[in-house]
>>> print(open('target-v8.cif').read())   # mmCIF, C-alpha atoms
data_work
#
loop_
_atom_site.label_atom_id
_atom_site.label_comp_id
_atom_site.auth_asym_id
_atom_site.auth_seq_id
_atom_site.Cartn_x
_atom_site.Cartn_y
_atom_site.Cartn_z
CA MET A 1 -78.27 3.43 33.18
CA ARG A 2 -77.50 4.37 36.79
CA ALA A 3 -75.95 7.71 35.75
CA ARG A 4 -78.98 8.56 33.64
CA LYS A 5 -81.33 7.79 36.52
CA LEU A 6 -79.27 9.96 38.87
CA LEU A 7 -79.42 12.88 36.47
CA LEU A 8 -83.18 12.39 36.33
CA ALA A 9 -83.33 12.64 40.09
CA VAL A 10 -81.28 15.85 39.96
CA ALA A 11 -83.80 17.27 37.49
CA VAL A 12 -86.70 16.40 39.81
CA THR A 13 -85.14 17.87 42.92
CA GLY A 14 -83.08 20.65 41.39
CA ILE A 15 -85.87 23.17 41.93
CA LEU A 16 -85.64 22.46 45.64
CA THR A 17 -81.96 23.24 46.09
CA LEU A 18 -79.24 25.63 45.03
CA GLY A 19 -80.53 26.68 41.64
CA GLY A 20 -83.81 28.07 42.89
CA GLN A 21 -82.55 30.39 45.61
CA THR A 22 -80.75 33.72 45.75
CA PRO A 23 -79.81 34.41 49.38
CA ALA A 24 -79.51 37.90 50.80
CA THR A 25 -76.14 39.67 50.56
CA THR A 26 -76.80 42.51 53.02
CA ASN A 27 -77.71 42.72 56.64
CA THR A 28 -81.51 42.70 56.43
CA GLY A 29 -82.24 40.35 59.29
CA GLN A 30 -81.58 37.36 57.06
CA LYS A 31 -78.48 35.17 56.84
CA ASN A 32 -75.36 36.88 55.56
CA TRP A 33 -72.23 35.99 53.64
CA LYS A 34 -68.95 36.33 55.48
CA ASP A 35 -67.64 38.48 52.64
CA ARG A 36 -68.14 39.22 48.98
CA ALA A 37 -65.72 36.45 48.02
CA GLU A 38 -67.94 33.81 49.63
CA TYR A 39 -70.94 35.07 47.71
CA ASP A 40 -68.99 35.14 44.43
CA LEU A 41 -67.90 31.54 45.06
CA TYR A 42 -71.50 30.54 45.68
CA ASP A 43 -72.59 32.33 42.52
CA ALA A 44 -69.94 30.50 40.48
CA ILE A 45 -71.13 27.17 41.90
CA LYS A 46 -74.75 27.97 41.15
CA ASN A 47 -73.98 28.78 37.51
CA ASP A 48 -71.60 25.84 36.87
CA ALA A 49 -73.27 23.21 34.67
CA SER A 50 -70.47 20.65 35.09
CA PRO A 51 -70.88 18.39 38.15
CA GLN A 52 -67.14 17.70 38.27
CA THR A 53 -66.02 21.34 38.34
CA LYS A 54 -68.95 22.25 40.57
CA LEU A 55 -67.71 19.66 43.09
CA GLU A 56 -64.23 21.20 43.00
CA LYS A 57 -65.68 24.66 43.75
CA LEU A 58 -67.82 23.23 46.56
CA LYS A 59 -64.73 21.77 48.19
CA VAL A 60 -63.01 25.17 47.91
CA TRP A 61 -66.05 26.78 49.59
CA GLN A 62 -65.91 24.15 52.33
CA ASP A 63 -62.15 24.61 52.86
CA LYS A 64 -62.17 28.42 52.87
CA TYR A 65 -65.39 28.79 54.81
CA PRO A 66 -65.74 25.76 57.10
CA THR A 67 -68.52 27.57 58.91
CA THR A 68 -71.17 29.43 56.95
CA GLU A 69 -74.68 30.67 57.53
CA PHE A 70 -75.60 28.96 54.27
CA ILE A 71 -74.76 25.41 55.31
CA ASP A 72 -78.16 24.30 53.95
CA LEU A 73 -77.30 25.55 50.47
CA ARG A 74 -73.85 23.99 50.55
CA GLN A 75 -75.07 20.61 51.73
CA GLY A 76 -77.88 20.64 49.18
CA ALA A 77 -75.41 21.44 46.41
CA PHE A 78 -73.07 18.66 47.58
CA LEU A 79 -76.04 16.26 47.57
CA THR A 80 -77.16 16.91 44.02
CA THR A 81 -73.59 17.05 42.73
CA TYR A 82 -72.57 13.74 44.28
CA ALA A 83 -75.74 12.22 42.85
CA ALA A 84 -75.04 13.61 39.38
CA LEU A 85 -71.55 12.11 39.53
CA GLY A 86 -72.90 8.70 40.57
CA GLN A 87 -71.18 8.82 43.96
CA VAL A 88 -74.06 7.12 45.70
CA GLN A 89 -72.53 6.48 49.13
CA LYS A 90 -71.28 10.05 49.46
CA ALA A 91 -74.68 11.38 48.42
CA LEU A 92 -76.36 9.21 51.05
CA ASP A 93 -73.89 10.39 53.69
CA ILE A 94 -74.60 14.06 52.97
CA ALA A 95 -78.36 13.38 52.89
CA LYS A 96 -78.03 11.85 56.36
CA GLU A 97 -76.28 15.02 57.58
CA ILE A 98 -79.03 17.18 56.10
CA LEU A 99 -81.80 15.16 57.73
CA ALA A 100 -80.03 15.34 61.08
CA ARG A 101 -80.29 19.13 60.77
CA ASP A 102 -83.71 19.22 59.07
CA PRO A 103 -85.74 15.96 59.24
CA ILE A 104 -88.24 17.18 56.61
CA ASP A 105 -85.80 18.45 53.99
CA PHE A 106 -87.50 17.20 50.84
CA SER A 107 -84.38 16.83 48.69
CA ALA A 108 -82.59 14.80 51.36
CA LEU A 109 -85.66 12.62 51.85
CA TYR A 110 -85.97 12.10 48.11
CA TYR A 111 -82.34 11.18 47.55
CA THR A 112 -82.27 8.86 50.55
CA ALA A 113 -85.24 6.99 49.11
CA PHE A 114 -84.00 7.16 45.53
CA LEU A 115 -80.37 6.18 46.05
CA THR A 116 -80.46 3.50 48.74
CA PRO A 117 -81.77 0.76 46.36
CA GLN A 118 -78.83 1.50 44.06
CA LEU A 119 -76.34 0.22 46.63
CA VAL A 120 -77.05 -3.31 45.37
CA ALA A 121 -75.91 -2.34 41.85
CA LEU A 122 -72.63 -1.23 43.45
CA ASN A 123 -72.26 -4.66 45.11
CA LEU A 124 -72.90 -3.07 48.50
CA LYS A 125 -75.27 -4.90 50.84
CA PRO A 126 -77.50 -2.34 52.53
CA THR A 127 -77.36 -2.39 56.32
CA ASP A 128 -80.40 -2.60 58.54
CA ASP A 129 -79.86 1.08 59.40
CA GLN A 130 -79.80 2.02 55.71
CA LEU A 131 -83.00 0.06 55.07
CA ALA A 132 -84.66 1.79 58.00
CA ALA A 133 -83.48 5.21 56.78
CA ALA A 134 -84.78 4.55 53.26
CA GLU A 135 -88.12 3.34 54.64
CA LYS A 136 -88.42 6.40 56.90
CA ALA A 137 -87.55 8.78 54.06
CA ALA A 138 -90.00 7.17 51.64
CA THR A 139 -92.80 7.27 54.19
CA ALA A 140 -92.07 10.95 54.92
CA ILE A 141 -92.23 11.79 51.20
CA LEU A 142 -95.79 10.47 51.02
CA THR A 143 -96.91 12.93 53.73
CA ALA A 144 -94.60 15.84 52.86
CA SER A 145 -95.88 19.41 52.60
CA LYS A 146 -95.02 21.81 49.79
CA PRO A 147 -91.70 23.60 50.35
CA ALA A 148 -92.09 27.36 50.60
CA ASN A 149 -89.90 28.11 47.58
CA LEU A 150 -92.04 26.09 45.12
CA THR A 151 -95.11 27.05 43.16
CA ASP A 152 -98.11 24.74 43.20
CA ASP A 153 -97.28 23.48 39.68
CA GLN A 154 -93.66 22.81 40.60
CA TRP A 155 -94.74 20.93 43.71
CA LYS A 156 -97.27 18.88 41.78
CA THR A 157 -94.57 17.73 39.34
CA ALA A 158 -92.03 16.98 42.05
CA LYS A 159 -94.56 15.33 44.37
CA THR A 160 -95.94 12.91 41.74
CA SER A 161 -92.47 11.74 40.73
CA ALA A 162 -91.33 11.52 44.34
CA GLU A 163 -94.34 9.46 45.39
CA ALA A 164 -93.55 6.93 42.66
CA VAL A 165 -89.99 6.72 43.99
CA ALA A 166 -91.27 6.42 47.56
CA HIS A 167 -93.51 3.45 46.79
CA LYS A 168 -90.73 1.86 44.73
CA THR A 169 -88.32 2.21 47.65
CA LEU A 170 -90.83 0.89 50.18
CA GLY A 171 -91.34 -2.13 47.91
CA TRP A 172 -87.59 -2.60 47.57
CA VAL A 173 -87.08 -2.43 51.34
CA ALA A 174 -89.81 -5.04 51.83
CA MET A 175 -88.16 -7.21 49.16
CA GLN A 176 -84.81 -7.00 51.01
CA ARG A 177 -86.60 -8.01 54.20
CA LYS A 178 -88.19 -10.99 52.40
CA GLN A 179 -91.73 -9.63 52.69
CA PRO A 180 -92.98 -10.34 49.14
CA GLU A 181 -96.67 -9.57 49.69
CA GLN A 182 -95.89 -6.13 51.12
CA ALA A 183 -93.37 -5.50 48.34
CA GLU A 184 -95.94 -6.46 45.71
CA ASP A 185 -98.43 -3.94 47.10
CA GLU A 186 -95.88 -1.09 47.03
CA PHE A 187 -94.55 -1.94 43.58
CA LYS A 188 -98.07 -1.88 42.14
CA LYS A 189 -98.60 1.56 43.65
CA ALA A 190 -95.33 2.72 42.10
CA LEU A 191 -96.33 1.42 38.66
CA ALA A 192 -99.71 3.12 38.91
CA LEU A 193 -97.81 6.42 39.21
CA ASN A 194 -95.06 5.56 36.71
CA PRO A 195 -95.97 2.69 34.33
CA ALA A 196 -92.70 3.15 32.41
CA ASP A 197 -90.51 2.05 35.33
CA THR A 198 -89.53 -1.35 33.98
CA GLU A 199 -87.17 -1.96 36.89
CA VAL A 200 -90.23 -1.99 39.15
CA SER A 201 -91.99 -4.39 36.75
CA TYR A 202 -88.99 -6.72 37.02
CA TRP A 203 -88.93 -6.53 40.81
CA LEU A 204 -92.69 -7.09 40.91
CA GLY A 205 -92.28 -10.30 38.92
CA ILE A 206 -89.58 -11.46 41.35
CA VAL A 207 -91.60 -10.90 44.53
CA ILE A 208 -94.73 -12.51 43.11
CA LEU A 209 -92.71 -15.64 42.33
CA LEU A 210 -91.36 -15.54 45.88
CA GLU A 211 -94.93 -15.79 47.18
CA HIS A 212 -95.08 -19.33 45.71
CA LYS A 213 -98.75 -19.00 44.76
CA ALA A 214 -99.68 -21.17 41.81
CA ASP A 215 -102.54 -18.92 40.75
CA LYS A 216 -100.20 -15.91 40.37
CA GLN A 217 -97.50 -17.50 38.20
CA VAL A 218 -98.92 -16.03 35.00
CA GLU A 219 -99.00 -12.55 36.53
CA ALA A 220 -95.32 -12.86 37.46
CA LEU A 221 -94.43 -13.93 33.91
CA TYR A 222 -96.36 -10.94 32.57
CA ASP A 223 -94.36 -8.55 34.76
CA TYR A 224 -91.10 -10.10 33.55
CA ALA A 225 -92.34 -9.70 29.97
CA ARG A 226 -93.17 -6.03 30.58
CA ALA A 227 -89.67 -5.43 31.93
CA ALA A 228 -88.08 -7.26 29.00
CA ALA A 229 -90.18 -5.71 26.22
CA PHE A 230 -90.96 -2.08 27.03
CA ASP A 231 -88.35 0.28 25.59
CA GLY A 232 -90.41 3.45 25.30
CA PRO A 233 -89.96 6.84 26.99
CA GLY A 234 -89.12 6.55 30.67
CA ALA A 235 -88.06 2.90 30.58
CA THR A 236 -85.56 2.34 33.39
CA LEU A 237 -83.86 -0.80 32.06
CA THR A 238 -81.17 -0.53 29.39
CA ALA A 239 -81.14 -2.73 26.28
CA ALA A 240 -78.65 -5.02 28.02
CA GLY A 241 -80.86 -5.13 31.10
CA ARG A 242 -83.91 -5.99 29.02
CA ASP A 243 -82.00 -8.77 27.27
CA ALA A 244 -80.94 -10.24 30.62
CA VAL A 245 -84.54 -10.18 31.88
CA LYS A 246 -85.76 -11.73 28.63
CA GLN A 247 -83.30 -14.58 29.04
CA GLN A 248 -84.57 -15.20 32.57
CA LEU A 249 -88.15 -14.99 31.32
CA SER A 250 -87.48 -17.57 28.62
CA GLY A 251 -86.36 -20.09 31.24
CA LEU A 252 -89.24 -19.33 33.59
CA TYR A 253 -91.79 -19.44 30.77
CA THR A 254 -90.47 -22.75 29.45
CA ARG A 255 -90.58 -24.33 32.91
CA TYR A 256 -94.15 -23.16 33.36
CA HIS A 257 -95.55 -23.78 29.88
CA GLY A 258 -93.29 -26.58 28.66
CA SER A 259 -91.96 -24.64 25.63
CA THR A 260 -91.52 -21.06 24.37
CA GLU A 261 -94.70 -21.30 22.30
CA GLY A 262 -96.67 -18.07 22.82
CA LEU A 263 -93.78 -16.17 24.43
CA ASP A 264 -93.46 -13.65 21.60
CA GLN A 265 -97.16 -12.85 21.84
CA LEU A 266 -96.84 -12.32 25.60
CA LEU A 267 -93.92 -9.91 25.05
CA GLN A 268 -95.92 -7.93 22.51
CA GLN A 269 -98.92 -7.74 24.82
CA ALA A 270 -96.85 -6.63 27.81
CA LYS A 271 -94.98 -4.03 25.77
CA ALA A 272 -98.26 -2.38 24.78
CA ASN A 273 -99.94 -2.58 28.19
CA PRO A 274 -98.21 -2.22 31.57
CA ASN A 275 -101.10 -3.73 33.49
CA PHE A 276 -101.64 -7.44 33.88
CA SER A 277 -105.17 -8.52 33.00
CA GLU A 278 -106.94 -11.49 34.56
CA GLY A 279 -107.87 -12.44 31.00
CA THR A 280 -104.22 -13.15 30.15
CA LYS A 281 -103.88 -16.91 29.87
CA ILE A 282 -100.77 -19.06 29.70
CA ARG A 283 -101.36 -22.78 29.88
CA SER A 284 -99.19 -24.67 32.33
CA ALA A 285 -97.08 -27.61 31.15
CA LYS A 286 -99.55 -29.95 32.88
CA GLU A 287 -102.49 -28.32 31.11
CA VAL A 288 -100.68 -28.64 27.79
CA GLU A 289 -99.87 -32.29 28.45
CA ASP A 290 -103.46 -33.02 29.48
CA GLU A 291 -104.74 -31.42 26.28
CA ASN A 292 -102.24 -33.36 24.17
CA ALA A 293 -103.21 -36.58 25.94
CA LYS A 294 -106.86 -35.97 25.09
CA LYS A 295 -105.93 -35.30 21.48
CA ARG A 296 -103.89 -38.52 21.36
CA GLU A 297 -106.76 -40.47 22.83
CA ALA A 298 -109.13 -39.05 20.21
CA GLU A 299 -106.67 -39.81 17.41
CA ASP A 300 -106.11 -43.36 18.69
CA ALA A 301 -109.86 -43.94 18.80
CA ALA A 302 -110.24 -42.62 15.26
CA HIS A 303 -107.22 -44.55 13.90
CA PRO A 304 -106.90 -47.93 15.65
CA ASP A 305 -104.50 -49.09 12.92
CA ILE A 306 -101.97 -46.36 13.78
CA LEU A 307 -102.34 -47.13 17.50
CA LEU A 308 -101.63 -50.81 16.79
CA TRP A 309 -98.61 -49.83 14.70
CA LYS A 310 -97.27 -47.62 17.53
CA ASN A 311 -97.63 -50.53 19.94
CA ILE A 312 -95.73 -52.82 17.56
CA LYS A 313 -93.00 -50.19 17.18
CA ALA A 314 -92.71 -49.81 20.96
CA ALA A 315 -92.35 -53.57 21.36
CA LEU A 316 -89.74 -53.90 18.60
CA THR A 317 -87.60 -51.01 19.86
CA ALA A 318 -87.64 -52.29 23.45
CA PRO A 319 -84.57 -54.17 24.76
CA ASP A 320 -86.26 -57.55 24.07
CA GLY A 321 -87.51 -56.47 20.63
CA ALA A 322 -85.73 -59.27 18.80
CA THR A 323 -87.40 -61.87 21.01
CA TYR A 324 -90.78 -60.27 20.46
CA PHE A 325 -90.31 -60.28 16.68
CA GLY A 326 -89.01 -63.84 16.54
CA SER A 327 -91.74 -65.33 18.69
CA GLY A 328 -94.74 -63.21 17.82
CA MET A 329 -94.31 -61.50 14.44
CA LYS A 330 -91.97 -63.22 12.02
CA GLY A 331 -93.86 -65.18 9.43
CA THR A 332 -97.21 -63.94 10.77
CA MET A 333 -99.87 -62.22 8.69
CA LEU A 334 -100.43 -58.74 10.10
CA PRO A 335 -102.42 -57.00 11.33
CA GLY A 336 -104.58 -60.10 11.27
CA GLY A 337 -107.61 -58.54 12.94
CA ALA A 338 -105.77 -57.49 16.10
CA ASN A 339 -107.83 -54.80 17.90
CA GLY A 340 -110.28 -55.07 15.03
CA VAL A 341 -107.69 -53.90 12.48
CA GLN A 342 -107.71 -55.79 9.18
CA LYS A 343 -105.25 -53.64 7.23
CA PHE A 344 -102.55 -51.05 7.89
CA THR A 345 -102.82 -47.79 5.95
CA GLY A 346 -99.74 -45.83 4.90
CA THR A 347 -98.52 -43.14 2.52
CA VAL A 348 -96.33 -44.03 -0.46
CA ILE A 349 -92.87 -42.47 -0.17
CA SER A 350 -90.86 -44.32 -2.82
CA MET A 351 -90.98 -47.30 -5.22
CA SER A 352 -88.44 -49.56 -6.89
CA PRO A 353 -88.28 -49.69 -9.79
CA ALA A 354 -90.04 -46.41 -10.56
CA THR A 355 -92.54 -48.17 -12.85
CA ARG A 356 -94.09 -51.57 -12.21
CA PRO A 357 -92.39 -51.72 -8.80
CA LYS A 358 -91.84 -54.83 -6.71
CA THR A 359 -90.89 -52.82 -3.63
CA VAL A 360 -92.90 -49.96 -2.12
CA VAL A 361 -91.75 -47.92 0.90
CA ILE A 362 -94.48 -46.25 2.95
CA GLY A 363 -94.97 -44.22 6.12
CA ILE A 364 -97.63 -45.56 8.47
CA GLU A 365 -97.20 -43.49 11.66
CA ASN A 366 -95.93 -40.38 9.87
CA PRO A 367 -96.64 -39.90 6.15
CA SER A 368 -93.19 -38.39 5.56
CA VAL A 369 -91.12 -40.89 7.58
CA PRO A 370 -90.62 -44.39 6.07
CA ASP A 371 -91.31 -47.21 8.50
CA ALA A 372 -92.62 -50.10 6.36
CA THR A 373 -91.38 -51.79 3.20
CA LEU A 374 -93.79 -53.86 1.08
CA ARG A 375 -92.30 -56.52 -1.19
CA PHE A 376 -94.28 -58.20 -3.98
CA GLU A 377 -93.50 -61.41 -5.84
CA ALA A 378 -94.89 -60.01 -9.08
CA PRO A 379 -94.51 -56.37 -10.16
CA LEU A 380 -97.43 -54.03 -9.53
CA ALA A 381 -99.19 -52.35 -12.41
CA GLY A 382 -97.80 -49.01 -13.56
CA LYS A 383 -96.99 -46.58 -10.75
CA VAL A 384 -98.58 -44.16 -8.30
CA GLU A 385 -97.48 -40.71 -7.14
CA PRO A 386 -95.72 -40.32 -3.78
CA GLY A 387 -98.32 -39.28 -1.22
CA THR A 388 -100.85 -41.87 -2.39
CA LYS A 389 -102.62 -43.69 0.45
CA ILE A 390 -102.61 -47.49 0.28
CA SER A 391 -103.78 -50.21 2.68
CA PHE A 392 -102.34 -53.71 3.07
CA SER A 393 -101.95 -56.82 5.12
CA GLY A 394 -98.77 -58.85 4.84
CA THR A 395 -96.34 -61.32 6.37
CA ALA A 396 -93.61 -59.82 8.54
CA GLU A 397 -90.16 -60.85 7.25
CA SER A 398 -87.59 -58.67 9.09
CA TYR A 399 -87.08 -55.38 10.86
CA THR A 400 -84.48 -52.81 11.95
CA THR A 401 -84.68 -50.42 14.89
CA ASN A 402 -82.45 -47.56 13.65
CA PRO A 403 -83.88 -46.44 11.38
CA PHE A 404 -87.09 -48.21 12.31
CA MET A 405 -88.35 -50.32 9.42
CA VAL A 406 -90.46 -53.48 9.12
CA VAL A 407 -90.34 -55.46 5.88
CA PHE A 408 -93.52 -57.25 4.76
CA SER A 409 -94.18 -59.78 2.02
CA VAL A 410 -97.48 -58.76 0.45
CA GLU A 411 -99.70 -60.45 -2.09
CA ARG A 412 -101.42 -58.22 -4.64
CA LYS A 413 -104.84 -59.37 -3.49
CA ASN A 414 -104.10 -57.97 0.01
CA LEU A 415 -103.28 -54.47 -1.31
CA GLU A 416 -105.89 -51.70 -1.62
CA GLY A 417 -105.60 -48.21 -3.05
CA TRP A 418 -103.06 -48.99 -5.79
CA THR A 419 -104.26 -47.10 -8.85
CA GLY A 420 -101.36 -47.73 -11.22
CA VAL A 421 -102.10 -49.29 -14.62
CA ASN A 422 -99.81 -50.76 -17.20
CA THR A 423 -99.43 -48.82 -20.42
CA ALA A 424 -100.58 -50.79 -23.47
CA PRO A 425 -97.68 -51.60 -25.84
CA ARG A 426 -97.46 -49.36 -28.90
CA ARG A 427 -98.58 -51.22 -32.04
CA THR A 428 -96.65 -50.61 -35.27
CA PRO A 429 -98.85 -50.46 -38.42
CA ALA A 430 -98.28 -53.37 -40.86
CA ARG A 431 -96.39 -52.48 -44.07
CA LYS A 432 -98.14 -52.97 -47.37
CA ARG A 433 -96.36 -55.16 -49.90
CA PRO A 434 -95.52 -53.45 -53.19
CA ALA A 435 -97.61 -54.45 -56.20
CA ARG A 436 -96.01 -56.91 -58.61
#
>>> encode(input="target-v8.cif", output="structure tokens")
Amino acid sequence: MRARKLLLAVAVTGILTLGGQTPATTNTGQKNWKDRAEYDLYDAIKNDASPQTKLEKLKVWQDKYPTTEFIDLRQGAFLTTYAALGQVQKALDIAKEILARDPIDFSALYYTAFLTPQLVALNLKPTDDQLAAAEKAATAILTASKPANLTDDQWKTAKTSAEAVAHKTLGWVAMQRKQPEQAEDEFKKALALNPADTEVSYWLGIVILLEHKADKQVEALYDYARAAAFDGPGATLTAAGRDAVKQQLSGLYTRYHGSTEGLDQLLQQAKANPNFSEGTKIRSAKEVEDENAKKREAEDAAHPDILLWKNIKAALTAPDGATYFGSGMKGTMLPGGANGVQKFTGTVISMSPATRPKTVVIGIENPSVPDATLRFEAPLAGKVEPGTKISFSGTAESYTTNPFMVVFSVERKNLEGWTGVNTAPRRTPARKRPAR
């Protein structure tokens, strides 16, 4: 990704350097070549499309002609060539030399701003001097005048791209200096000029989190999502980079929301729109828990029998569950009117035998999870389909905690909802006696 970005920078600034100029070759009051051989060497460099062989020719020019009236062209060519080859530190060094000679050289300003943030990717910690140089260069870009060798259209193209880089670099410098609010402001300006720069979106999410403002957490998550999801033209993160950001986002989102519910929708939204909207809502984990608590309260109020059953389950699965069962449940008719509940209601899961059963297993808390077994002295009539709702009261006989199950002895008169009927026996017609 870094090499591709450097080539992009070469394309932006190439019109400002070697390729756009043809210096004089005769004594006309302008600068002159030392001899024809120097000019031919320059011409070969100008027309060489390979950065590697161009660099070799530049070194020959430097060795054979250590002094030249065209030092500006040679330094500019070294700058763009080092950048194209990904030799960031050497490019920054030559840019520094250029700016010492010409403090408003646009290409040197641009590359200083563009390349300095890439030192981190090379595991090089930028010095205070390098941060100051990048900040100075980026600021100068924002007030730069059109170079004489550019048309208005060329300058408009170069200026717009360079301003985006300048704001990005100013934000990055502020981020290195641990000034998140200032960095946020610059990154937003950069994105306004270049919404496809997903690296800026990622950095923006980072600095907003560093502000530690609860009301901006959702905005930070949105910026992470933009960086992770957008893969369209101009995106500055590779597929591997997007995957790494998405993994970070998943952790951040889960800590904020409590789960990854809604994350895919956020990614889709951010991919389609680079700008965070105040209407984008992500509930915090506390908000989710508060909503769930309200739902539980409403469900408990509507189903006091299930609430009572949950309380019994909690007591039986506690460390002193056996004591609780032995002293308060065993042999007792339940629910017995506790909390106003006269009968438990559950969903039939299985029966034994399949017809005219004496044992019925039901789910009270969850209709698909068995947690109560009803035993009858006499078989029930017929059968019912699994999923049938029945209500009962019965005497607690025993229980287990894993899996959780309470066994009740139930009399038929205390069972409601059983719709099974016995099939009448088939009657065989009587045979007629033959006539005598």
>>> resolve_selection(input="target-v8.cif", expression="the PyMOL selection byres ((chain A and resi 306-321) around 12)", output="compact mmCIF listing (two decimals) with C-alpha atoms, in the coordinates of the input")
# COMPACT_ATOMS: atom_id res chain seq x y z
CA ARG A 296 -103.89 -38.52 21.36
CA GLU A 297 -106.76 -40.47 22.83
CA ALA A 298 -109.13 -39.05 20.21
CA GLU A 299 -106.67 -39.81 17.41
CA ASP A 300 -106.11 -43.36 18.69
CA ALA A 301 -109.86 -43.94 18.80
CA ALA A 302 -110.24 -42.62 15.26
CA HIS A 303 -107.22 -44.55 13.90
CA PRO A 304 -106.90 -47.93 15.65
CA ASP A 305 -104.50 -49.09 12.92
CA ALA A 322 -85.73 -59.27 18.80
CA THR A 323 -87.40 -61.87 21.01
CA TYR A 324 -90.78 -60.27 20.46
CA PHE A 325 -90.31 -60.28 16.68
CA GLY A 326 -89.01 -63.84 16.54
CA SER A 327 -91.74 -65.33 18.69
CA GLY A 328 -94.74 -63.21 17.82
CA MET A 329 -94.31 -61.50 14.44
CA LYS A 330 -91.97 -63.22 12.02
CA LEU A 334 -100.43 -58.74 10.10
CA PRO A 335 -102.42 -57.00 11.33
CA GLY A 336 -104.58 -60.10 11.27
CA GLY A 337 -107.61 -58.54 12.94
CA ALA A 338 -105.77 -57.49 16.10
CA ASN A 339 -107.83 -54.80 17.90
CA GLY A 340 -110.28 -55.07 15.03
CA VAL A 341 -107.69 -53.90 12.48
CA GLN A 342 -107.71 -55.79 9.18
CA LYS A 343 -105.25 -53.64 7.23
CA PHE A 344 -102.55 -51.05 7.89
CA THR A 345 -102.82 -47.79 5.95
CA GLY A 346 -99.74 -45.83 4.90
CA GLY A 363 -94.97 -44.22 6.12
CA ILE A 364 -97.63 -45.56 8.47
CA GLU A 365 -97.20 -43.49 11.66
CA ASN A 366 -95.93 -40.38 9.87
CA PRO A 367 -96.64 -39.90 6.15
CA ASP A 371 -91.31 -47.21 8.50
CA ALA A 372 -92.62 -50.10 6.36
CA SER A 391 -103.78 -50.21 2.68
CA ALA A 396 -93.61 -59.82 8.54
CA SER A 398 -87.59 -58.67 9.09
CA TYR A 399 -87.08 -55.38 10.86
CA THR A 400 -84.48 -52.81 11.95
CA THR A 401 -84.68 -50.42 14.89
CA ASN A 402 -82.45 -47.56 13.65
CA PRO A 403 -83.88 -46.44 11.38
CA PHE A 404 -87.09 -48.21 12.31
CA MET A 405 -88.35 -50.32 9.42
CA VAL A 406 -90.46 -53.48 9.12
>>> resolve_selection(input="target-v8.cif", expression="the PyMOL selection byres ((chain A and resi 266-277) around 9)", output="PDB file with C-alpha atoms, keeping the file's coordinate frame")
ATOM      1  CA  LEU A 191     -96.330   1.420  38.660  1.00  0.00           C
ATOM      2  CA  ALA A 192     -99.710   3.120  38.910  1.00  0.00           C
ATOM      3  CA  PRO A 195     -95.970   2.690  34.330  1.00  0.00           C
ATOM      4  CA  ALA A 196     -92.700   3.150  32.410  1.00  0.00           C
ATOM      5  CA  SER A 201     -91.990  -4.390  36.750  1.00  0.00           C
ATOM      6  CA  GLU A 219     -99.000 -12.550  36.530  1.00  0.00           C
ATOM      7  CA  LEU A 221     -94.430 -13.930  33.910  1.00  0.00           C
ATOM      8  CA  TYR A 222     -96.360 -10.940  32.570  1.00  0.00           C
ATOM      9  CA  ASP A 223     -94.360  -8.550  34.760  1.00  0.00           C
ATOM     10  CA  TYR A 224     -91.100 -10.100  33.550  1.00  0.00           C
ATOM     11  CA  ALA A 225     -92.340  -9.700  29.970  1.00  0.00           C
ATOM     12  CA  ARG A 226     -93.170  -6.030  30.580  1.00  0.00           C
ATOM     13  CA  ALA A 227     -89.670  -5.430  31.930  1.00  0.00           C
ATOM     14  CA  ALA A 228     -88.080  -7.260  29.000  1.00  0.00           C
ATOM     15  CA  ALA A 229     -90.180  -5.710  26.220  1.00  0.00           C
ATOM     16  CA  PHE A 230     -90.960  -2.080  27.030  1.00  0.00           C
ATOM     17  CA  ASP A 231     -88.350   0.280  25.590  1.00  0.00           C
ATOM     18  CA  GLY A 232     -90.410   3.450  25.300  1.00  0.00           C
ATOM     19  CA  GLY A 262     -96.670 -18.070  22.820  1.00  0.00           C
ATOM     20  CA  LEU A 263     -93.780 -16.170  24.430  1.00  0.00           C
ATOM     21  CA  ASP A 264     -93.460 -13.650  21.600  1.00  0.00           C
ATOM     22  CA  GLN A 265     -97.160 -12.850  21.840  1.00  0.00           C
ATOM     23  CA  GLU A 278    -106.940 -11.490  34.560  1.00  0.00           C
ATOM     24  CA  GLY A 279    -107.870 -12.440  31.000  1.00  0.00           C
ATOM     25  CA  THR A 280    -104.220 -13.150  30.150  1.00  0.00           C
ATOM     26  CA  ILE A 282    -100.770 -19.060  29.700  1.00  0.00           C
TER      27      ILE A 282
END
>>> resolve_selection(input="target-v8.cif", expression="the PyMOL selection byres ((chain A and resi 92) around 8)", output="PDB file with C-alpha atoms, in the coordinates of the input")
ATOM      1  CA  LEU A  79     -76.040  16.260  47.570  1.00  0.00           C
ATOM      2  CA  VAL A  88     -74.060   7.120  45.700  1.00  0.00           C
ATOM      3  CA  GLN A  89     -72.530   6.480  49.130  1.00  0.00           C
ATOM      4  CA  LYS A  90     -71.280  10.050  49.460  1.00  0.00           C
ATOM      5  CA  ALA A  91     -74.680  11.380  48.420  1.00  0.00           C
ATOM      6  CA  ASP A  93     -73.890  10.390  53.690  1.00  0.00           C
ATOM      7  CA  ILE A  94     -74.600  14.060  52.970  1.00  0.00           C
ATOM      8  CA  ALA A  95     -78.360  13.380  52.890  1.00  0.00           C
ATOM      9  CA  LYS A  96     -78.030  11.850  56.360  1.00  0.00           C
ATOM     10  CA  TYR A 111     -82.340  11.180  47.550  1.00  0.00           C
ATOM     11  CA  THR A 112     -82.270   8.860  50.550  1.00  0.00           C
ATOM     12  CA  LEU A 115     -80.370   6.180  46.050  1.00  0.00           C
ATOM     13  CA  THR A 116     -80.460   3.500  48.740  1.00  0.00           C
TER      14      THR A 116
END
